[in-house]
Amino acid sequence: MPQGMNNARHSLQRRLLAYVMTIIVLAAAVLAGTAWRSALRQADEMFDYHLQQMAHALRGGLPLAPPARDVDGSEEYLVQIWGPDGVQLFRSVPTPLPPRAVLGFSDARLDGVHYRVYSVQSPYQTVQIAQNLDARQARARALALRATLPMALMAPLLMLLAWWGISRSLAPLARTRAEVALRAADDLSPLQGTGLPDEVLPLVDEINALFGRLDQAFAAQRAFVANAAHELRSPLAALKLQAQAVERAADESARATALARLQLGIDRAIRLMQQLLLLARQEAAVRDGAPLPPLALAPLARQAVAEALPQAQARGIDLGLETEGDADALPAVRGDADALAILLRNLLDNAIKYSPEGGRVDLVLGPHGVAVHDSGPGIAPAERARVFERFYRSPGAAAGGSGLGLTIAQAIAERHGATLRLDSSPRLGGLAATLRFAPDTPTA
């Protein structure tokens, strides 16, 4: 598409006015033309009828007075009367009309003047009456002009009313535009839809919905930044203290111990930053809503168990994978393989972290999703909703962590249209984290 077309702008109000004004002008012209022709035709019929009535009125005798003259002194009506023997009994002007009368209507030319002639015959006489066509047409045009004049006057009035009506109808759009133009950059309150036409109201509703989503995203971003700044303050302060401890170490043993603690602190800070970046990426993916490809859960579950196995073995925890039915027969789901792998890894990491040494963790793969069971202390029902919040840690939790593992898992589940629930595990007595996909998510 040419660049000029991309930047083309037009005013809806001017376009509507142009369309309506054009229609009014064309309609007025057509109506005026029709009225003009109709008025001329009716005038001709009226004048012919008048000639006919005059001729029939003169059949009873000779006229008592000569016909009236036109304003310019010329004769408008000419009259001739013959007796039954052809002798002319009366003539209104010296110059005679055609000597042979054609009964009924006819046209004649006399001394360069056109006449409309009507002749009627009775047993006693023949009457011939003619009317000056120039005078007749002038009168007809005057009548036609009077018939079309109201339309000529009405067209500007209709155009003015159309301009007023369109301007008034589009006034809410101008008000909305002014409202948006005067808004601050951080004002995402809904636009007013009062008075807007039905064709525009859905657009304003969608804009308000977009404002709502943006407001939620910005609020989540502000909360994320505030929480991240708060959570990073403690590990960074600890790293500073540990660095100072390395500087003050009196011997190599103390220095090695301080360096080991500093290394652990750095690892925790790196882990926290990775979790923060991962959470931001997953929440952005949730808002993006891009379509996901189909994939099988069984390979992801085996990969997650293999990655968590060293951590489980270090604490003496029995980590297992169980499939309900044939693993190859399980339905595929639409999802992001990397994101789902992170979700399973986080669930297993939490289960291993909070299970006692020598405990047990099972990952169960079923037809509608996966579940991670552990033999740990579990989570009180009142706390299960809060553990999905950022940086929240259950009171009295023995294991450390950033408080982001379940938050990231929840964000990934929302991206896939799945639900992540925490319940008591009937299998191992601890906590059961169940990821269940929607019924329409599997692709068979």
# chains A, B, ... in the order shown; residues from 1 in each chain; ligands from 1

$ select_by_dssp --residues "segment 11-260 of chain A" --states "strand (DSSP E or B)" --output "compact mmCIF listing (two decimals) with C-alpha atoms, in the first residue's frame"
# COMPACT_ATOMS: atom_id res chain seq x y z
CA ARG A 69 -55.54 42.71 -24.25
CA GLU A 75 -54.18 40.55 -28.05
CA TYR A 77 -57.23 35.98 -27.10
CA LEU A 78 -58.53 36.08 -30.68
CA VAL A 79 -62.12 35.18 -31.54
CA GLN A 80 -63.87 34.43 -34.88
CA ILE A 81 -67.47 33.36 -35.39
CA TRP A 82 -69.08 32.11 -38.65
CA GLN A 88 -68.17 35.60 -40.81
CA LEU A 89 -70.29 37.07 -38.05
CA PHE A 90 -67.59 38.30 -35.68
CA ARG A 91 -63.83 38.85 -35.64
CA GLY A 104 -61.03 20.82 -31.57
CA PHE A 105 -57.52 21.96 -30.65
CA SER A 106 -54.88 23.01 -33.15
CA ASP A 107 -51.87 25.33 -33.43
CA ALA A 108 -51.63 28.27 -35.83
CA ARG A 109 -49.18 31.03 -36.74
CA LEU A 110 -50.41 34.57 -37.46
CA VAL A 113 -47.12 34.85 -33.46
CA HIS A 114 -47.98 31.33 -32.38
CA TYR A 115 -51.51 30.66 -31.20
CA ARG A 116 -53.31 27.80 -29.54
CA VAL A 117 -56.67 27.45 -31.29
CA TYR A 118 -59.86 25.71 -30.27
CA SER A 119 -62.88 25.45 -32.57
CA VAL A 120 -66.40 24.27 -31.84
CA GLN A 121 -69.41 24.02 -34.18
CA THR A 126 -68.88 27.96 -35.68
CA VAL A 127 -66.76 29.51 -32.92
CA GLN A 128 -62.98 29.71 -33.17
CA ILE A 129 -60.96 31.09 -30.21
CA ALA A 130 -57.14 31.35 -30.06
CA GLN A 131 -54.69 32.21 -27.28
CA ASN A 132 -51.24 33.74 -27.68

$ residues_around --residues "Val305 of chain A" --least-positions-apart "5" --cutoff "12 Å" --atoms "only C-alpha atoms" --output "mmCIF file with C-alpha atoms, in the first residue's frame"
data_model
loop_
_atom_site.group_PDB
_atom_site.id
_atom_site.type_symbol
_atom_site.label_atom_id
_atom_site.label_comp_id
_atom_site.auth_asym_id
_atom_site.auth_seq_id
_atom_site.Cartn_x
_atom_site.Cartn_y
_atom_site.Cartn_z
ATOM 1 C CA ALA A 298 5.033 -37.918 29.794
ATOM 2 C CA PRO A 299 8.493 -36.864 28.461
ATOM 3 C CA LEU A 300 8.305 -33.612 30.453
ATOM 4 C CA PRO A 310 20.093 -35.492 42.701
ATOM 5 C CA GLN A 311 18.386 -33.091 45.111
ATOM 6 C CA ALA A 312 16.123 -35.869 46.391
ATOM 7 C CA GLN A 313 19.018 -38.294 46.820
ATOM 8 C CA ASP A 318 12.313 -41.534 47.612
ATOM 9 C CA LEU A 319 11.327 -39.777 44.372
ATOM 10 C CA GLY A 320 9.131 -41.695 41.964
ATOM 11 C CA LEU A 321 7.087 -41.294 38.798
ATOM 12 C CA GLU A 322 3.781 -43.082 38.326
ATOM 13 C CA ALA A 341 9.073 -28.177 32.566
ATOM 14 C CA ILE A 342 9.717 -25.210 34.888
ATOM 15 C CA LEU A 344 6.922 -29.392 37.215
ATOM 16 C CA ARG A 345 10.437 -28.656 38.428
ATOM 17 C CA ASN A 346 9.164 -26.022 40.870
ATOM 18 C CA LEU A 347 6.478 -28.362 42.229
ATOM 19 C CA LEU A 348 9.045 -31.119 42.740
ATOM 20 C CA ASP A 349 11.535 -28.658 44.253
ATOM 21 C CA ALA A 351 7.902 -31.054 47.625
ATOM 22 C CA ILE A 352 11.511 -32.216 48.145
ATOM 23 C CA VAL A 361 7.664 -37.639 46.802
ATOM 24 C CA ASP A 362 5.579 -39.023 43.932
ATOM 25 C CA LEU A 363 4.787 -37.392 40.595
ATOM 26 C CA VAL A 364 1.576 -38.948 39.255
ATOM 27 C CA LEU A 365 0.748 -38.475 35.551
ATOM 28 C CA VAL A 372 2.872 -34.042 42.989
#

$ select_by_dssp --residues "segment 15-159 of chain A" --states "helix (DSSP H, G or I)" --output "PyMOL selection string"
chain A and resi 15-58+133-159

$ write_last_selection --atoms "C-alpha atoms" --output "PDB file, in the first residue's frame"
ATOM      1  CA  ARG A  15     -17.900  12.964   4.993  1.00  0.00           C
ATOM      2  CA  LEU A  16     -21.415  12.552   6.394  1.00  0.00           C
ATOM      3  CA  LEU A  17     -22.217  16.186   5.646  1.00  0.00           C
ATOM      4  CA  ALA A  18     -20.935  15.823   2.085  1.00  0.00           C
ATOM      5  CA  TYR A  19     -23.051  12.710   1.527  1.00  0.00           C
ATOM      6  CA  VAL A  20     -26.193  14.223   3.058  1.00  0.00           C
ATOM      7  CA  MET A  21     -25.790  17.593   1.329  1.00  0.00           C
ATOM      8  CA  THR A  22     -25.237  15.911  -2.028  1.00  0.00           C
ATOM      9  CA  ILE A  23     -28.335  13.773  -1.530  1.00  0.00           C
ATOM     10  CA  ILE A  24     -30.402  16.823  -0.538  1.00  0.00           C
ATOM     11  CA  VAL A  25     -29.230  18.825  -3.564  1.00  0.00           C
ATOM     12  CA  LEU A  26     -29.855  15.953  -5.980  1.00  0.00           C
ATOM     13  CA  ALA A  27     -33.241  15.187  -4.457  1.00  0.00           C
ATOM     14  CA  ALA A  28     -34.221  18.871  -4.547  1.00  0.00           C
ATOM     15  CA  ALA A  29     -33.108  19.128  -8.179  1.00  0.00           C
ATOM     16  CA  VAL A  30     -35.069  16.034  -9.199  1.00  0.00           C
ATOM     17  CA  LEU A  31     -38.161  17.147  -7.294  1.00  0.00           C
ATOM     18  CA  ALA A  32     -37.908  20.693  -8.673  1.00  0.00           C
ATOM     19  CA  GLY A  33     -37.536  19.396 -12.236  1.00  0.00           C
ATOM     20  CA  THR A  34     -40.475  17.059 -11.779  1.00  0.00           C
ATOM     21  CA  ALA A  35     -42.584  19.811 -10.232  1.00  0.00           C
ATOM     22  CA  TRP A  36     -41.615  22.216 -13.046  1.00  0.00           C
ATOM     23  CA  ARG A  37     -42.674  19.791 -15.770  1.00  0.00           C
ATOM     24  CA  SER A  38     -45.817  18.846 -13.904  1.00  0.00           C
ATOM     25  CA  ALA A  39     -46.742  22.500 -13.372  1.00  0.00           C
ATOM     26  CA  LEU A  40     -46.215  23.291 -17.060  1.00  0.00           C
ATOM     27  CA  ARG A  41     -48.344  20.312 -18.073  1.00  0.00           C
ATOM     28  CA  GLN A  42     -51.088  21.245 -15.646  1.00  0.00           C
ATOM     29  CA  ALA A  43     -50.988  24.852 -16.832  1.00  0.00           C
ATOM     30  CA  ASP A  44     -51.372  23.703 -20.450  1.00  0.00           C
ATOM     31  CA  GLU A  45     -54.321  21.543 -19.486  1.00  0.00           C
ATOM     32  CA  MET A  46     -55.843  24.388 -17.495  1.00  0.00           C
ATOM     33  CA  PHE A  47     -55.454  26.904 -20.346  1.00  0.00           C
ATOM     34  CA  ASP A  48     -56.838  24.404 -22.886  1.00  0.00           C
ATOM     35  CA  TYR A  49     -59.800  23.853 -20.615  1.00  0.00           C
ATOM     36  CA  HIS A  50     -60.249  27.612 -20.324  1.00  0.00           C
ATOM     37  CA  LEU A  51     -60.218  27.961 -24.137  1.00  0.00           C
ATOM     38  CA  GLN A  52     -62.729  25.167 -24.427  1.00  0.00           C
ATOM     39  CA  GLN A  53     -65.067  26.735 -21.879  1.00  0.00           C
ATOM     40  CA  MET A  54     -64.831  30.140 -23.536  1.00  0.00           C
ATOM     41  CA  ALA A  55     -65.637  28.647 -26.940  1.00  0.00           C
ATOM     42  CA  HIS A  56     -68.666  26.780 -25.588  1.00  0.00           C
ATOM     43  CA  ALA A  57     -69.820  29.924 -23.812  1.00  0.00           C
ATOM     44  CA  LEU A  58     -69.709  31.882 -27.113  1.00  0.00           C
ATOM     45  CA  LEU A 133     -48.789  30.906 -26.892  1.00  0.00           C
ATOM     46  CA  ASP A 134     -46.030  33.301 -25.760  1.00  0.00           C
ATOM     47  CA  ALA A 135     -48.307  34.876 -23.149  1.00  0.00           C
ATOM     48  CA  ARG A 136     -49.649  31.473 -22.261  1.00  0.00           C
ATOM     49  CA  GLN A 137     -46.189  29.998 -21.731  1.00  0.00           C
ATOM     50  CA  ALA A 138     -45.119  33.013 -19.682  1.00  0.00           C
ATOM     51  CA  ARG A 139     -48.063  32.439 -17.371  1.00  0.00           C
ATOM     52  CA  ALA A 140     -47.294  28.710 -17.237  1.00  0.00           C
ATOM     53  CA  ARG A 141     -43.674  29.374 -16.325  1.00  0.00           C
ATOM     54  CA  ALA A 142     -44.774  31.769 -13.600  1.00  0.00           C
ATOM     55  CA  LEU A 143     -47.059  29.071 -12.184  1.00  0.00           C
ATOM     56  CA  ALA A 144     -44.274  26.469 -12.427  1.00  0.00           C
ATOM     57  CA  LEU A 145     -41.840  28.832 -10.700  1.00  0.00           C
ATOM     58  CA  ARG A 146     -44.245  29.326  -7.829  1.00  0.00           C
ATOM     59  CA  ALA A 147     -44.586  25.534  -7.597  1.00  0.00           C
ATOM     60  CA  THR A 148     -40.804  24.931  -7.435  1.00  0.00           C
ATOM     61  CA  LEU A 149     -39.877  27.922  -5.268  1.00  0.00           C
ATOM     62  CA  PRO A 150     -40.739  26.188  -1.947  1.00  0.00           C
ATOM     63  CA  MET A 151     -38.399  23.335  -2.831  1.00  0.00           C
ATOM     64  CA  ALA A 152     -35.593  25.759  -3.652  1.00  0.00           C
ATOM     65  CA  LEU A 153     -36.121  27.436  -0.302  1.00  0.00           C
ATOM     66  CA  MET A 154     -36.474  24.146   1.543  1.00  0.00           C
ATOM     67  CA  ALA A 155     -33.147  22.673   0.342  1.00  0.00           C
ATOM     68  CA  PRO A 156     -30.916  25.166   2.254  1.00  0.00           C
ATOM     69  CA  LEU A 157     -33.087  24.713   5.325  1.00  0.00           C
ATOM     70  CA  LEU A 158     -32.732  20.917   5.089  1.00  0.00           C
ATOM     71  CA  MET A 159     -28.967  21.287   4.668  1.00  0.00           C
TER      72      MET A 159
END

$ closest_residue --among "A:Ala250, A:Arg334, A:Ala339, A:Arg315" --to "Tyr354 of chain A" --atoms "only C-alpha atoms"
A:Arg315

$ residues_around --residues "Leu343 of chain A" --least-positions-apart "3" --cutoff "10 Å" --atoms "only C-alpha atoms" --output "CSV table (one decimal) with N, CA and C atoms, in the first residue's frame"
chain,number,residue,atom,x,y,z
A,304,ALA,N,11.6,-33.9,34.3
A,304,ALA,CA,11.5,-33.2,35.6
A,304,ALA,C,12.0,-34.1,36.8
A,337,ALA,N,6.6,-26.3,26.2
A,337,ALA,CA,7.4,-27.4,26.8
A,337,ALA,C,8.3,-26.8,27.9
A,338,ASP,N,9.0,-25.7,27.6
A,338,ASP,CA,10.0,-25.1,28.6
A,338,ASP,C,9.2,-24.6,29.8
A,339,ALA,N,8.1,-24.0,29.6
A,339,ALA,CA,7.3,-23.4,30.7
A,339,ALA,C,6.8,-24.6,31.6
A,340,LEU,N,6.2,-25.6,31.0
A,340,LEU,CA,5.7,-26.7,31.8
A,340,LEU,C,6.8,-27.5,32.5
A,346,ASN,N,9.4,-26.8,39.7
A,346,ASN,CA,9.2,-26.0,40.9
A,346,ASN,C,8.3,-26.8,41.9
A,347,LEU,N,7.3,-27.5,41.3
A,347,LEU,CA,6.5,-28.4,42.2
A,347,LEU,C,7.3,-29.4,42.9
A,348,LEU,N,8.2,-30.1,42.1
A,348,LEU,CA,9.0,-31.1,42.7
A,348,LEU,C,10.0,-30.5,43.7
A,349,ASP,N,10.6,-29.3,43.4
A,349,ASP,CA,11.5,-28.7,44.3
A,349,ASP,C,10.9,-28.3,45.6
A,405,GLY,N,8.4,-19.8,43.9
A,405,GLY,CA,8.3,-21.0,43.2
A,405,GLY,C,6.8,-21.3,42.8
A,406,LEU,N,5.9,-21.2,43.8
A,406,LEU,CA,4.5,-21.5,43.5
A,406,LEU,C,3.9,-20.3,42.7
A,407,THR,N,4.4,-19.1,42.9
A,407,THR,CA,3.9,-18.0,42.1
A,407,THR,C,4.1,-18.2,40.6
A,408,ILE,N,5.4,-18.6,40.3
A,408,ILE,CA,5.7,-18.9,38.9
A,408,ILE,C,4.9,-20.1,38.4
A,409,ALA,N,4.7,-21.1,39.2
A,409,ALA,CA,3.9,-22.2,38.7
A,409,ALA,C,2.5,-21.8,38.4
A,410,GLN,N,1.9,-20.9,39.3
A,410,GLN,CA,0.6,-20.4,39.0
A,410,GLN,C,0.5,-19.6,37.7
A,411,ALA,N,1.5,-18.8,37.5
A,411,ALA,CA,1.5,-18.0,36.3
A,411,ALA,C,1.6,-18.9,35.0
A,412,ILE,N,2.4,-19.9,35.1
A,412,ILE,CA,2.5,-20.9,33.9
A,412,ILE,C,1.1,-21.6,33.8
A,413,ALA,N,0.5,-22.0,34.9
A,413,ALA,CA,-0.8,-22.7,34.7
A,413,ALA,C,-1.8,-21.8,34.1
A,435,LEU,N,-2.1,-30.2,39.0
A,435,LEU,CA,-2.3,-29.4,37.8
A,435,LEU,C,-3.2,-30.1,36.9
